[in-house]
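Raw contents of model-v3.txt, compact mmCIF, C-alpha atoms and all ligand atoms:
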```
# COMPACT_ATOMS: atom_id res chain seq x y z
CA SER W 9 -68.52 -118.93 -91.99
CA ILE W 10 -71.72 -117.21 -90.92
CA PRO W 11 -74.29 -119.44 -89.16
CA LEU W 12 -77.89 -119.37 -90.38
CA THR W 13 -79.19 -118.75 -86.87
CA ALA W 14 -77.72 -117.41 -83.61
CA ARG W 15 -78.73 -115.96 -80.24
CA ALA W 16 -80.75 -112.76 -79.81
CA ALA W 17 -82.80 -111.12 -77.03
CA VAL W 18 -86.12 -110.37 -78.70
CA LEU W 19 -88.79 -107.98 -77.44
CA VAL W 20 -92.10 -109.40 -78.58
CA ASP W 21 -94.52 -107.84 -76.07
CA PHE W 22 -94.12 -104.69 -73.91
CA GLU W 23 -95.88 -106.52 -71.09
CA LYS W 24 -93.53 -109.46 -71.07
CA ASP W 25 -89.87 -110.31 -70.53
CA VAL W 26 -87.64 -110.32 -73.58
CA VAL W 27 -87.28 -113.75 -75.13
CA ILE W 28 -83.73 -115.11 -75.33
CA ALA W 29 -83.86 -116.98 -78.64
CA THR W 30 -81.08 -119.35 -79.67
CA ASP W 31 -82.26 -119.77 -83.25
CA HIS W 32 -82.80 -116.22 -84.49
CA PRO W 33 -82.13 -115.93 -88.24
CA VAL W 34 -78.84 -114.23 -89.14
CA ARG W 35 -78.84 -111.96 -92.21
CA GLN W 36 -76.47 -113.65 -94.65
CA PRO W 37 -73.71 -111.71 -96.47
CA SER W 38 -75.54 -112.12 -99.79
CA GLU W 39 -78.60 -110.45 -98.25
CA LEU W 40 -76.77 -107.25 -97.20
CA ALA W 41 -77.63 -104.06 -99.09
CA PRO W 42 -74.84 -101.79 -100.35
CA GLY W 43 -73.47 -99.85 -97.36
CA GLU W 44 -74.54 -102.45 -94.81
CA CYS W 45 -72.12 -104.59 -92.87
CA LEU W 46 -72.57 -107.61 -90.63
CA ILE W 47 -70.91 -107.49 -87.23
CA LYS W 48 -70.25 -110.38 -84.88
CA ILE W 49 -70.82 -108.87 -81.46
CA GLU W 50 -68.26 -109.45 -78.72
CA TYR W 51 -69.72 -107.17 -76.01
CA ALA W 52 -73.00 -105.26 -75.65
CA GLY W 53 -73.66 -102.67 -72.94
CA VAL W 54 -77.03 -102.30 -71.21
CA CYS W 55 -78.32 -98.71 -71.12
CA HIS W 56 -81.33 -97.41 -69.20
CA SER W 57 -82.70 -96.32 -72.59
CA ASP W 58 -83.02 -100.03 -73.46
CA LEU W 59 -85.19 -100.44 -70.38
CA HIS W 60 -87.33 -97.39 -71.27
CA ILE W 61 -87.86 -98.94 -74.72
CA ARG W 62 -88.44 -102.43 -73.34
CA GLN W 63 -91.22 -101.07 -71.09
CA GLY W 64 -92.86 -99.12 -73.90
CA GLY W 65 -92.01 -95.90 -72.02
CA TRP W 66 -90.91 -94.11 -75.18
CA GLY W 67 -94.03 -95.07 -77.10
CA ARG W 68 -95.53 -98.30 -78.28
CA LYS W 69 -95.55 -97.59 -81.98
CA LEU W 70 -92.28 -99.44 -82.46
CA SER W 71 -92.46 -102.39 -84.74
CA LEU W 72 -92.12 -105.63 -82.80
CA PRO W 73 -90.45 -108.06 -82.63
CA LEU W 74 -87.39 -105.91 -81.94
CA ILE W 75 -83.89 -106.73 -80.74
CA GLY W 76 -82.75 -104.03 -78.30
CA GLY W 77 -79.27 -102.72 -77.50
CA HIS W 78 -77.28 -99.79 -78.84
CA GLU W 79 -73.84 -100.21 -77.35
CA GLY W 80 -71.92 -102.91 -79.19
CA VAL W 81 -68.35 -103.86 -80.05
CA GLY W 82 -67.46 -106.65 -82.44
CA HIS W 83 -65.76 -107.55 -85.68
CA VAL W 84 -66.90 -106.90 -89.22
CA VAL W 85 -67.58 -110.31 -90.79
CA ALA W 86 -69.24 -109.21 -94.04
CA ILE W 87 -69.82 -106.06 -96.08
CA GLY W 88 -72.67 -105.65 -98.55
CA GLU W 89 -71.74 -106.06 -102.20
CA HIS W 90 -71.33 -102.77 -104.13
CA THR W 91 -70.56 -100.82 -100.96
CA VAL W 92 -68.59 -97.78 -102.08
CA ASP W 93 -65.67 -96.23 -100.17
CA SER W 94 -66.18 -98.46 -97.13
CA GLN W 95 -64.49 -97.02 -94.09
CA VAL W 96 -64.01 -100.53 -92.68
CA LYS W 97 -62.86 -103.91 -93.94
CA ILE W 98 -63.60 -107.47 -92.93
CA GLY W 99 -61.91 -108.27 -89.62
CA ASP W 100 -61.94 -104.69 -88.29
CA ARG W 101 -63.07 -104.18 -84.70
CA VAL W 102 -65.82 -101.57 -84.59
CA GLY W 103 -68.47 -100.09 -82.35
CA ILE W 104 -72.21 -99.69 -82.84
CA LYS W 105 -73.85 -96.59 -81.43
CA TRP W 106 -77.44 -95.44 -80.77
CA ILE W 107 -77.43 -93.72 -84.13
CA ALA W 108 -76.87 -96.45 -86.68
CA ASN W 109 -76.81 -94.19 -89.70
CA VAL W 110 -77.54 -90.63 -90.85
CA CYS W 111 -78.02 -89.08 -94.26
CA MET W 112 -74.77 -87.02 -94.09
CA LYS W 113 -76.38 -84.52 -96.48
CA CYS W 114 -78.98 -82.49 -94.59
CA GLU W 115 -78.45 -79.18 -92.82
CA MET W 116 -78.05 -80.90 -89.42
CA CYS W 117 -75.49 -83.40 -90.72
CA ARG W 118 -73.50 -80.68 -92.49
CA LYS W 119 -73.34 -78.85 -89.15
CA GLY W 120 -72.17 -82.02 -87.36
CA ALA W 121 -75.46 -82.30 -85.48
CA GLU W 122 -75.86 -85.88 -86.65
CA SER W 123 -78.13 -86.86 -83.77
CA SER W 124 -80.64 -84.31 -85.09
CA CYS W 125 -80.64 -85.72 -88.63
CA PRO W 126 -84.29 -86.46 -89.38
CA LEU W 127 -83.17 -89.73 -90.97
CA SER W 128 -81.20 -90.77 -87.90
CA PHE W 129 -84.39 -91.15 -85.91
CA GLN W 130 -85.42 -93.85 -88.33
CA ARG W 131 -82.06 -95.57 -87.92
CA ALA W 132 -81.51 -95.96 -84.20
CA SER W 133 -79.98 -99.25 -83.04
CA GLY W 134 -82.27 -101.26 -80.79
CA TYR W 135 -85.14 -98.82 -81.36
CA SER W 136 -86.06 -98.42 -85.00
CA MET W 137 -83.89 -101.32 -86.16
CA ASP W 138 -82.50 -104.44 -84.53
CA GLY W 139 -79.73 -103.74 -82.05
CA THR W 140 -76.77 -105.28 -80.29
CA PHE W 141 -78.34 -107.84 -77.93
CA ALA W 142 -77.52 -110.53 -80.48
CA ASP W 143 -74.55 -112.53 -81.73
CA TYR W 144 -74.82 -110.90 -85.18
CA VAL W 145 -76.03 -107.40 -86.03
CA VAL W 146 -76.39 -105.54 -89.31
CA SER W 147 -75.07 -101.96 -89.26
CA TYR W 148 -73.58 -99.40 -91.66
CA ALA W 149 -70.02 -99.55 -92.98
CA ASN W 150 -69.58 -95.79 -92.96
CA TYR W 151 -71.12 -95.07 -89.61
CA VAL W 152 -69.67 -97.70 -87.26
CA THR W 153 -66.86 -96.47 -84.99
CA PRO W 154 -63.32 -97.84 -85.22
CA ILE W 155 -62.12 -98.90 -81.75
CA PRO W 156 -58.59 -97.80 -80.74
CA PRO W 157 -56.34 -100.91 -80.62
CA SER W 158 -55.21 -100.23 -77.03
CA VAL W 159 -58.77 -100.23 -75.62
CA GLY W 160 -60.34 -103.59 -74.74
CA SER W 161 -63.78 -104.30 -76.14
CA ALA W 162 -65.43 -104.53 -72.71
CA GLU W 163 -63.89 -101.17 -71.73
CA ALA W 164 -64.90 -99.56 -75.01
CA VAL W 165 -68.46 -100.72 -75.37
CA SER W 166 -70.24 -98.33 -73.01
CA ILE W 167 -68.40 -95.34 -74.43
CA LEU W 168 -70.49 -95.81 -77.60
CA CYS W 169 -73.62 -94.51 -75.87
CA ALA W 170 -73.02 -93.59 -72.22
CA GLY W 171 -69.53 -92.15 -72.74
CA VAL W 172 -70.13 -90.16 -75.88
CA THR W 173 -73.41 -88.80 -74.51
CA VAL W 174 -71.97 -87.38 -71.31
CA TYR W 175 -68.79 -86.19 -73.03
CA LYS W 176 -70.92 -84.19 -75.48
CA ALA W 177 -73.19 -83.03 -72.64
CA LEU W 178 -70.22 -81.70 -70.67
CA LYS W 179 -68.93 -79.85 -73.74
CA GLN W 180 -72.22 -77.95 -73.66
CA THR W 181 -72.05 -76.83 -70.02
CA ARG W 182 -70.33 -73.52 -70.90
CA THR W 183 -67.89 -74.15 -68.04
CA ILE W 184 -64.15 -73.59 -67.80
CA VAL W 185 -61.45 -75.16 -65.66
CA GLY W 186 -62.21 -74.78 -61.95
CA HIS W 187 -65.97 -74.46 -62.29
CA TRP W 188 -68.34 -76.68 -60.34
CA VAL W 189 -70.53 -79.12 -62.22
CA ALA W 190 -73.27 -81.18 -60.58
CA ILE W 191 -73.68 -84.67 -62.01
CA SER W 192 -77.08 -86.08 -61.13
CA GLY W 193 -77.31 -89.86 -61.46
CA ALA W 194 -73.55 -89.90 -60.81
CA GLY W 195 -73.35 -93.56 -59.77
CA GLY W 196 -75.14 -94.88 -62.85
CA GLY W 197 -73.89 -95.88 -66.27
CA LEU W 198 -73.79 -92.40 -67.79
CA GLY W 199 -73.13 -90.59 -64.52
CA HIS W 200 -69.97 -92.40 -63.44
CA LEU W 201 -68.43 -91.70 -66.85
CA ALA W 202 -69.57 -88.06 -66.63
CA VAL W 203 -67.70 -87.67 -63.34
CA GLN W 204 -64.49 -88.81 -65.05
CA TYR W 205 -64.87 -86.74 -68.21
CA ALA W 206 -65.62 -83.70 -66.04
CA VAL W 207 -62.51 -84.24 -63.91
CA ALA W 208 -60.46 -84.68 -67.11
CA MET W 209 -61.83 -81.31 -68.28
CA GLY W 210 -60.62 -79.64 -65.09
CA LEU W 211 -64.05 -79.25 -63.53
CA ARG W 212 -64.91 -79.73 -59.87
CA VAL W 213 -67.56 -82.40 -59.50
CA LEU W 214 -70.47 -82.49 -57.10
CA ALA W 215 -72.00 -85.93 -57.45
CA ILE W 216 -75.67 -86.62 -56.68
CA ASP W 217 -77.03 -90.14 -56.30
CA THR W 218 -77.79 -92.52 -53.47
CA GLY W 219 -76.17 -95.29 -51.41
CA GLU W 220 -72.74 -96.04 -49.97
CA GLU W 221 -71.53 -98.03 -52.96
CA LYS W 222 -72.22 -95.27 -55.48
CA LYS W 223 -70.76 -92.68 -53.10
CA LYS W 224 -67.53 -94.69 -52.82
CA LEU W 225 -67.31 -95.15 -56.57
CA VAL W 226 -67.76 -91.49 -57.48
CA GLN W 227 -65.37 -90.33 -54.78
CA SER W 228 -62.75 -92.76 -56.09
CA LEU W 229 -63.29 -91.23 -59.54
CA GLY W 230 -62.54 -87.71 -58.30
CA ALA W 231 -65.88 -86.22 -57.21
CA GLU W 232 -65.09 -83.60 -54.53
CA ALA W 233 -68.57 -83.36 -53.06
CA TRP W 234 -71.45 -85.80 -52.65
CA VAL W 235 -75.13 -85.33 -51.89
CA ASP W 236 -77.37 -88.35 -51.34
CA PHE W 237 -80.73 -87.44 -52.87
CA MET W 238 -82.58 -89.97 -50.70
CA GLU W 239 -80.99 -88.88 -47.43
CA SER W 240 -80.65 -85.12 -47.82
CA LYS W 241 -83.28 -83.18 -45.85
CA ASP W 242 -82.71 -80.05 -47.96
CA LEU W 243 -81.07 -81.01 -51.23
CA ILE W 244 -80.97 -77.49 -52.68
CA GLN W 245 -79.25 -76.05 -49.60
CA ASP W 246 -76.85 -78.99 -49.25
CA ILE W 247 -75.75 -78.55 -52.86
CA LYS W 248 -75.26 -74.82 -52.51
CA ASP W 249 -73.34 -75.32 -49.25
CA ALA W 250 -71.00 -77.75 -51.01
CA THR W 251 -70.29 -75.33 -53.87
CA ASP W 252 -69.17 -72.02 -52.26
CA GLY W 253 -72.73 -71.20 -51.19
CA LEU W 254 -73.66 -70.17 -54.74
CA GLY W 255 -74.44 -73.51 -56.35
CA PRO W 256 -72.71 -75.25 -59.24
CA HIS W 257 -72.01 -73.42 -62.53
CA ALA W 258 -73.65 -76.24 -64.46
CA ALA W 259 -75.63 -79.42 -63.95
CA VAL W 260 -75.71 -82.52 -66.13
CA ILE W 261 -78.85 -84.48 -65.32
CA ALA W 262 -78.30 -88.12 -66.19
CA ALA W 263 -81.15 -89.64 -64.19
CA GLY W 264 -84.41 -90.97 -65.58
CA SER W 265 -86.73 -89.00 -63.29
CA SER W 266 -88.11 -85.44 -63.53
CA THR W 267 -87.31 -84.38 -59.95
CA PRO W 268 -83.57 -83.74 -60.47
CA PHE W 269 -84.29 -81.48 -63.45
CA ASN W 270 -86.59 -79.27 -61.42
CA GLN W 271 -84.17 -79.23 -58.49
CA ALA W 272 -81.30 -78.10 -60.75
CA ILE W 273 -83.21 -74.96 -61.72
CA LEU W 274 -83.31 -74.11 -58.02
CA TYR W 275 -79.71 -74.89 -57.03
CA LEU W 276 -77.83 -73.66 -60.13
CA ARG W 277 -75.62 -70.60 -59.74
CA PRO W 278 -76.83 -67.49 -61.58
CA LEU W 279 -75.74 -67.70 -65.24
CA GLY W 280 -75.71 -71.49 -64.80
CA THR W 281 -76.46 -74.11 -67.43
CA LEU W 282 -78.65 -77.18 -67.12
CA VAL W 283 -77.83 -79.91 -69.62
CA ALA W 284 -80.68 -82.39 -69.95
CA VAL W 285 -79.62 -85.97 -70.65
CA GLY W 286 -81.96 -88.34 -68.77
CA MET W 287 -85.20 -89.11 -70.56
CA PRO W 288 -87.95 -90.03 -68.11
CA LYS W 289 -91.18 -91.00 -69.84
CA ASP W 290 -94.05 -88.53 -69.95
CA ALA W 291 -92.11 -86.03 -67.86
CA ALA W 292 -91.96 -82.26 -68.20
CA MET W 293 -89.53 -79.76 -66.75
CA ASN W 294 -91.04 -77.27 -64.36
CA ILE W 295 -89.22 -73.97 -64.81
CA PRO W 296 -90.46 -70.96 -62.82
CA ILE W 297 -90.06 -68.29 -65.49
CA ALA W 298 -89.25 -65.37 -63.19
CA LEU W 299 -86.52 -67.40 -61.51
CA PHE W 300 -85.21 -68.58 -64.86
CA ILE W 301 -84.91 -65.00 -66.07
CA GLY W 302 -83.73 -63.62 -62.75
CA LYS W 303 -80.85 -66.11 -62.63
CA SER W 304 -80.27 -65.86 -66.41
CA LEU W 305 -80.09 -69.64 -66.77
CA THR W 306 -79.55 -71.68 -69.91
CA VAL W 307 -81.22 -75.03 -70.52
CA VAL W 308 -79.74 -77.33 -73.16
CA GLY W 309 -81.11 -80.62 -74.42
CA THR W 310 -78.57 -83.05 -75.84
CA SER W 311 -78.78 -86.37 -77.59
CA VAL W 312 -75.75 -88.70 -77.85
CA GLY W 313 -73.03 -87.19 -80.12
CA ASN W 314 -71.60 -87.28 -83.62
CA ARG W 315 -68.84 -89.49 -85.04
CA GLN W 316 -66.15 -87.05 -83.95
CA ASP W 317 -67.53 -86.91 -80.40
CA ALA W 318 -67.38 -90.72 -80.30
CA THR W 319 -63.77 -90.71 -81.50
CA GLU W 320 -62.79 -88.09 -78.91
CA ALA W 321 -64.64 -89.89 -76.11
CA LEU W 322 -62.81 -93.14 -76.94
CA ASP W 323 -59.50 -91.31 -77.20
CA LEU W 324 -59.81 -90.15 -73.58
CA VAL W 325 -60.29 -93.81 -72.62
CA ALA W 326 -57.23 -94.83 -74.66
CA ARG W 327 -55.25 -92.14 -72.83
CA GLY W 328 -56.29 -93.49 -69.44
CA LYS W 329 -58.38 -90.49 -68.37
CA VAL W 330 -61.68 -92.38 -68.27
CA LYS W 331 -62.41 -95.99 -67.38
CA CYS W 332 -65.80 -97.65 -67.45
CA HIS W 333 -66.63 -99.53 -64.25
CA TYR W 334 -68.60 -102.50 -65.41
CA GLN W 335 -69.80 -105.87 -64.35
CA GLU W 336 -69.78 -108.61 -66.95
CA LYS W 337 -72.96 -110.66 -67.49
CA GLN W 338 -74.49 -112.97 -70.08
CA LEU W 339 -77.20 -112.37 -72.66
CA GLN W 340 -79.56 -114.71 -70.80
CA ASP W 341 -79.28 -112.44 -67.71
CA LEU W 342 -80.94 -109.52 -69.52
CA ASN W 343 -84.36 -109.70 -67.85
CA GLN W 344 -82.75 -109.91 -64.42
CA ILE W 345 -80.51 -106.94 -65.29
CA TYR W 346 -83.60 -104.87 -66.21
CA THR W 347 -85.14 -105.70 -62.81
CA GLU W 348 -81.98 -104.55 -61.04
CA MET W 349 -81.75 -101.42 -63.18
CA GLU W 350 -85.34 -100.47 -62.47
CA ALA W 351 -84.62 -100.75 -58.74
CA GLY W 352 -81.57 -98.49 -59.13
CA ARG W 353 -79.25 -101.21 -57.84
CA ILE W 354 -76.68 -101.11 -60.65
CA VAL W 355 -73.45 -99.29 -59.83
CA GLY W 356 -71.68 -98.21 -63.03
CA ARG W 357 -72.54 -100.27 -66.11
CA ILE W 358 -73.43 -103.85 -67.02
CA VAL W 359 -71.90 -105.28 -70.17
CA LEU W 360 -72.93 -108.55 -71.78
CA LYS W 361 -70.19 -110.88 -73.00
CA MET W 362 -71.58 -112.50 -76.12
O1 LIG M 1 -78.64 -88.93 -75.56
C1 LIG M 1 -79.20 -88.93 -74.46
N1 LIG M 1 -79.79 -87.84 -74.01
C2 LIG M 1 -79.18 -90.18 -73.63
C3 LIG M 1 -78.29 -91.22 -73.96
C4 LIG M 1 -78.27 -92.36 -73.14
C5 LIG M 1 -79.11 -92.45 -72.04
C6 LIG M 1 -80.03 -90.32 -72.55
N2 LIG M 1 -79.98 -91.44 -71.78
C7 LIG M 1 -80.88 -91.49 -70.61
C8 LIG M 1 -81.48 -92.84 -70.29
O2 LIG M 1 -82.60 -93.10 -71.11
C9 LIG M 1 -81.85 -92.64 -68.83
O3 LIG M 1 -83.08 -91.91 -68.72
O4 LIG M 1 -80.11 -91.18 -69.46
C10 LIG M 1 -80.71 -91.76 -68.29
C11 LIG M 1 -79.65 -92.50 -67.49
O5 LIG M 1 -79.22 -93.65 -68.17
P1 LIG M 1 -78.23 -94.72 -67.46
O6 LIG M 1 -77.02 -94.03 -66.97
O7 LIG M 1 -78.09 -95.87 -68.39
O8 LIG M 1 -79.15 -95.15 -66.21
P2 LIG M 1 -78.72 -95.85 -64.81
O9 LIG M 1 -77.44 -96.60 -64.96
O10 LIG M 1 -79.92 -96.54 -64.34
O11 LIG M 1 -78.38 -94.60 -63.86
C12 LIG M 1 -79.34 -93.70 -63.39
C13 LIG M 1 -78.90 -93.19 -62.04
O12 LIG M 1 -79.76 -92.13 -61.66
C14 LIG M 1 -79.93 -92.19 -60.26
C15 LIG M 1 -80.04 -93.67 -59.98
O13 LIG M 1 -79.76 -93.97 -58.62
C16 LIG M 1 -78.97 -94.24 -60.93
O14 LIG M 1 -77.70 -94.38 -60.29
N3 LIG M 1 -81.07 -91.33 -59.89
C17 LIG M 1 -82.42 -91.49 -60.00
I1 LIG M 1 -83.37 -92.98 -60.85
N4 LIG M 1 -83.12 -90.47 -59.48
C18 LIG M 1 -82.17 -89.59 -59.07
C19 LIG M 1 -82.27 -88.32 -58.45
N5 LIG M 1 -83.44 -87.78 -58.12
C20 LIG M 1 -80.89 -90.11 -59.33
N6 LIG M 1 -79.77 -89.43 -59.04
C21 LIG M 1 -79.92 -88.21 -58.48
N7 LIG M 1 -81.12 -87.66 -58.17
ZN ZN M 2 -77.91 -95.52 -74.33
```

Let's see the structure in the file written out as structure tokens.
Amino acid sequence: SIPLTARAAVLVDFEKDVVIATDHPVRQPSELAPGECLIKIEYAGVCHSDLHIRQGGWGRKLSLPLIGGHEGVGHVVAIGEHTVDSQVKIGDRVGIKWIANVCMKCEMCRKGAESSCPLSFQRASGYSMDGTFADYVVSYANYVTPIPPSVGSAEAVSILCAGVTVYKALKQTRTIVGHWVAISGAGGGLGHLAVQYAVAMGLRVLAIDTGEEKKKLVQSLGAEAWVDFMESKDLIQDIKDATDGLGPHAAVIAAGSSTPFNQAILYLRPLGTLVAVGMPKDAAMNIPIALFIGKSLTVVGTSVGNRQDATEALDLVARGKVKCHYQEKQLQDLNQIYTEMEAGRIVGRIVLKM
């Protein structure tokens, strides 16, 4: 049976910690609209985007109170009456992604660019609707992601944002086997998964981040070269030196700061591609136009991925090519986790066991 209230981490004020409520109302099965489903969350991953949102960094027009979180795995416990052609049934284990739902009808959706569906921006988990930092979450029966039976929920959860995002980003690097790709933010949640997807794609990885622990992690995951952005005296030269003197063929920037974007323009090999993933607030890319043209660079922005990208990203986990390195915490630790994340002290990902 579904309880009337349960736990949820509620953002009520951008200036304050989130409130860990124990008596948050749970939408009852009879209250679900057609197409909606109720999911009992087992694990929720903590993404830096949640922190940007929590701090009001992506705008303060969001309607509060808001429950954050957009990586979730749990079981379907109810489906709205009159839901047609539901892709899931009660008891199924499914994942919740950043995009909670799209229209499936517009030009972008028809092209598979679901993250660019104008509707999807109104239906983002933990942003424009309540997200996964709760025992129970309402989502959409035809948009949740089935989790492969062989993948544990804790291993799967961060693939639903971090994994799918970097997998899709790497697909847009215009690289082939043997090319160098720089992963900036390589020791973080997105970055450490990017290193593994890149290796699985046959790319040579140059990892950029800071600190011994992150260095050890990315090297264990197959990064061939490492540059510490805090210690390097000449980051551009060090990166070029590590990649045949010419610089990497592509760079995936998965750090929430503008500096690494601007550096990539300088160190990329001619004909190189910069794939922008990190979303620092109020930041702009500084691209010297003559250099951009002279090197014939490409700059690509990318936002999460579509349902097929999510399925493929999970499949690579099921096949043992990619493994999320996570630390398990509790919902009540969320404020402390945000403090650690802000300080850049988290290696890999943090997942909350609900
Ligand atoms: O769809 C998208 N585009 C998408 C999806 C999900 C997340 C974008 N994001 C964005 C987040 O909003 C955030 O801005 O990607 C960024 C990274 O998210 P994350 O992986 O969840 O953050 P993290 O775990 O804190 O890792 C960030 C890493 O970047 C390093 C830090 O040391 C940390 O390990 N870093 C920083 I901050 N500055 C750096 C620099 N100058 C840097 N690494 C290299 N060079
Ligand atoms: Zn995310």

Show which residues sit within 6 Å of segment 43-57 of chain W, as a list in words. Count only C-alpha atoms, and ignore same-chain residues fewer than 6 positions away. Glu79, Gly80, Val81, Gly82, His83, Val84, Val85, Ala86, Ile87, Gly88, Thr91, Thr140, Asp143, Tyr144, Val145, Val146, Ser147, Tyr148, Ala149, Ser166, Ile358, Val359, Leu360, Lys361 and Met362 of chain W

Set out as JSON lines a contact list for chain W and ligand ZN 2 (chain M) with a cut-off of 10 Å, giving each residue of chain W that qualifies its closest atom pair and distance in Å to one decimal, counting only C-alpha atoms and all ligand atoms, ordered by chain and rising residue number.
```
{"residue": "W:Gly53", "atom": "CA", "partner": "M:ZN2", "partner_atom": "ZN", "distance": 8.4}
{"residue": "W:Val54", "atom": "CA", "partner": "M:ZN2", "partner_atom": "ZN", "distance": 7.5}
{"residue": "W:Cys55", "atom": "CA", "partner": "M:ZN2", "partner_atom": "ZN", "distance": 4.5}
{"residue": "W:His56", "atom": "CA", "partner": "M:ZN2", "partner_atom": "ZN", "distance": 6.4}
{"residue": "W:Ser57", "atom": "CA", "partner": "M:ZN2", "partner_atom": "ZN", "distance": 5.2}
{"residue": "W:Asp58", "atom": "CA", "partner": "M:ZN2", "partner_atom": "ZN", "distance": 6.9}
{"residue": "W:Leu59", "atom": "CA", "partner": "M:ZN2", "partner_atom": "ZN", "distance": 9.6}
{"residue": "W:Gly77", "atom": "CA", "partner": "M:ZN2", "partner_atom": "ZN", "distance": 8.0}
{"residue": "W:His78", "atom": "CA", "partner": "M:ZN2", "partner_atom": "ZN", "distance": 6.2}
{"residue": "W:Glu79", "atom": "CA", "partner": "M:ZN2", "partner_atom": "ZN", "distance": 6.9}
{"residue": "W:Lys105", "atom": "CA", "partner": "M:ZN2", "partner_atom": "ZN", "distance": 8.2}
{"residue": "W:Trp106", "atom": "CA", "partner": "M:ZN2", "partner_atom": "ZN", "distance": 6.5}
{"residue": "W:Ile107", "atom": "CA", "partner": "M:ZN2", "partner_atom": "ZN", "distance": 10.0}
{"residue": "W:Ser133", "atom": "CA", "partner": "M:ZN2", "partner_atom": "ZN", "distance": 9.7}
{"residue": "W:Gly134", "atom": "CA", "partner": "M:ZN2", "partner_atom": "ZN", "distance": 9.7}
{"residue": "W:Ser166", "atom": "CA", "partner": "M:ZN2", "partner_atom": "ZN", "distance": 8.3}
{"residue": "W:Ile167", "atom": "CA", "partner": "M:ZN2", "partner_atom": "ZN", "distance": 9.5}
{"residue": "W:Leu168", "atom": "CA", "partner": "M:ZN2", "partner_atom": "ZN", "distance": 8.1}
{"residue": "W:Cys169", "atom": "CA", "partner": "M:ZN2", "partner_atom": "ZN", "distance": 4.7}
{"residue": "W:Ala170", "atom": "CA", "partner": "M:ZN2", "partner_atom": "ZN", "distance": 5.7}
{"residue": "W:Gly171", "atom": "CA", "partner": "M:ZN2", "partner_atom": "ZN", "distance": 9.2}
{"residue": "W:Val172", "atom": "CA", "partner": "M:ZN2", "partner_atom": "ZN", "distance": 9.6}
{"residue": "W:Thr173", "atom": "CA", "partner": "M:ZN2", "partner_atom": "ZN", "distance": 8.1}
{"residue": "W:Gly197", "atom": "CA", "partner": "M:ZN2", "partner_atom": "ZN", "distance": 9.0}
{"residue": "W:Leu198", "atom": "CA", "partner": "M:ZN2", "partner_atom": "ZN", "distance": 8.3}
{"residue": "W:Gly286", "atom": "CA", "partner": "M:ZN2", "partner_atom": "ZN", "distance": 9.9}
{"residue": "W:Ser311", "atom": "CA", "partner": "M:ZN2", "partner_atom": "ZN", "distance": 9.8}
{"residue": "W:Val312", "atom": "CA", "partner": "M:ZN2", "partner_atom": "ZN", "distance": 8.0}
```

Produce as a PyMOL selection string the set of residues near ligand LIG 1 (chain M), where near means within 7 Å with all atoms listed in the file considered. chain W and resi 55-57+60+169-170+173+192-199+216-218+237+262-265+267-268+284-288+310-312+349-350+352+354-357

Write out, as an mmCIF file, in the frame of the given file, the residues just selected, with C-alpha atoms.
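That gives us selection_10.cif:
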```cif
data_model
loop_
_atom_site.group_PDB
_atom_site.id
_atom_site.type_symbol
_atom_site.label_atom_id
_atom_site.label_comp_id
_atom_site.auth_asym_id
_atom_site.auth_seq_id
_atom_site.Cartn_x
_atom_site.Cartn_y
_atom_site.Cartn_z
ATOM 1 C CA CYS W 55 -78.320 -98.710 -71.120
ATOM 2 C CA HIS W 56 -81.330 -97.410 -69.200
ATOM 3 C CA SER W 57 -82.700 -96.320 -72.590
ATOM 4 C CA HIS W 60 -87.330 -97.390 -71.270
ATOM 5 C CA CYS W 169 -73.620 -94.510 -75.870
ATOM 6 C CA ALA W 170 -73.020 -93.590 -72.220
ATOM 7 C CA THR W 173 -73.410 -88.800 -74.510
ATOM 8 C CA SER W 192 -77.080 -86.080 -61.130
ATOM 9 C CA GLY W 193 -77.310 -89.860 -61.460
ATOM 10 C CA ALA W 194 -73.550 -89.900 -60.810
ATOM 11 C CA GLY W 195 -73.350 -93.560 -59.770
ATOM 12 C CA GLY W 196 -75.140 -94.880 -62.850
ATOM 13 C CA GLY W 197 -73.890 -95.880 -66.270
ATOM 14 C CA LEU W 198 -73.790 -92.400 -67.790
ATOM 15 C CA GLY W 199 -73.130 -90.590 -64.520
ATOM 16 C CA ILE W 216 -75.670 -86.620 -56.680
ATOM 17 C CA ASP W 217 -77.030 -90.140 -56.300
ATOM 18 C CA THR W 218 -77.790 -92.520 -53.470
ATOM 19 C CA PHE W 237 -80.730 -87.440 -52.870
ATOM 20 C CA ALA W 262 -78.300 -88.120 -66.190
ATOM 21 C CA ALA W 263 -81.150 -89.640 -64.190
ATOM 22 C CA GLY W 264 -84.410 -90.970 -65.580
ATOM 23 C CA SER W 265 -86.730 -89.000 -63.290
ATOM 24 C CA THR W 267 -87.310 -84.380 -59.950
ATOM 25 C CA PRO W 268 -83.570 -83.740 -60.470
ATOM 26 C CA ALA W 284 -80.680 -82.390 -69.950
ATOM 27 C CA VAL W 285 -79.620 -85.970 -70.650
ATOM 28 C CA GLY W 286 -81.960 -88.340 -68.770
ATOM 29 C CA MET W 287 -85.200 -89.110 -70.560
ATOM 30 C CA PRO W 288 -87.950 -90.030 -68.110
ATOM 31 C CA THR W 310 -78.570 -83.050 -75.840
ATOM 32 C CA SER W 311 -78.780 -86.370 -77.590
ATOM 33 C CA VAL W 312 -75.750 -88.700 -77.850
ATOM 34 C CA MET W 349 -81.750 -101.420 -63.180
ATOM 35 C CA GLU W 350 -85.340 -100.470 -62.470
ATOM 36 C CA GLY W 352 -81.570 -98.490 -59.130
ATOM 37 C CA ILE W 354 -76.680 -101.110 -60.650
ATOM 38 C CA VAL W 355 -73.450 -99.290 -59.830
ATOM 39 C CA GLY W 356 -71.680 -98.210 -63.030
ATOM 40 C CA ARG W 357 -72.540 -100.270 -66.110
#
```
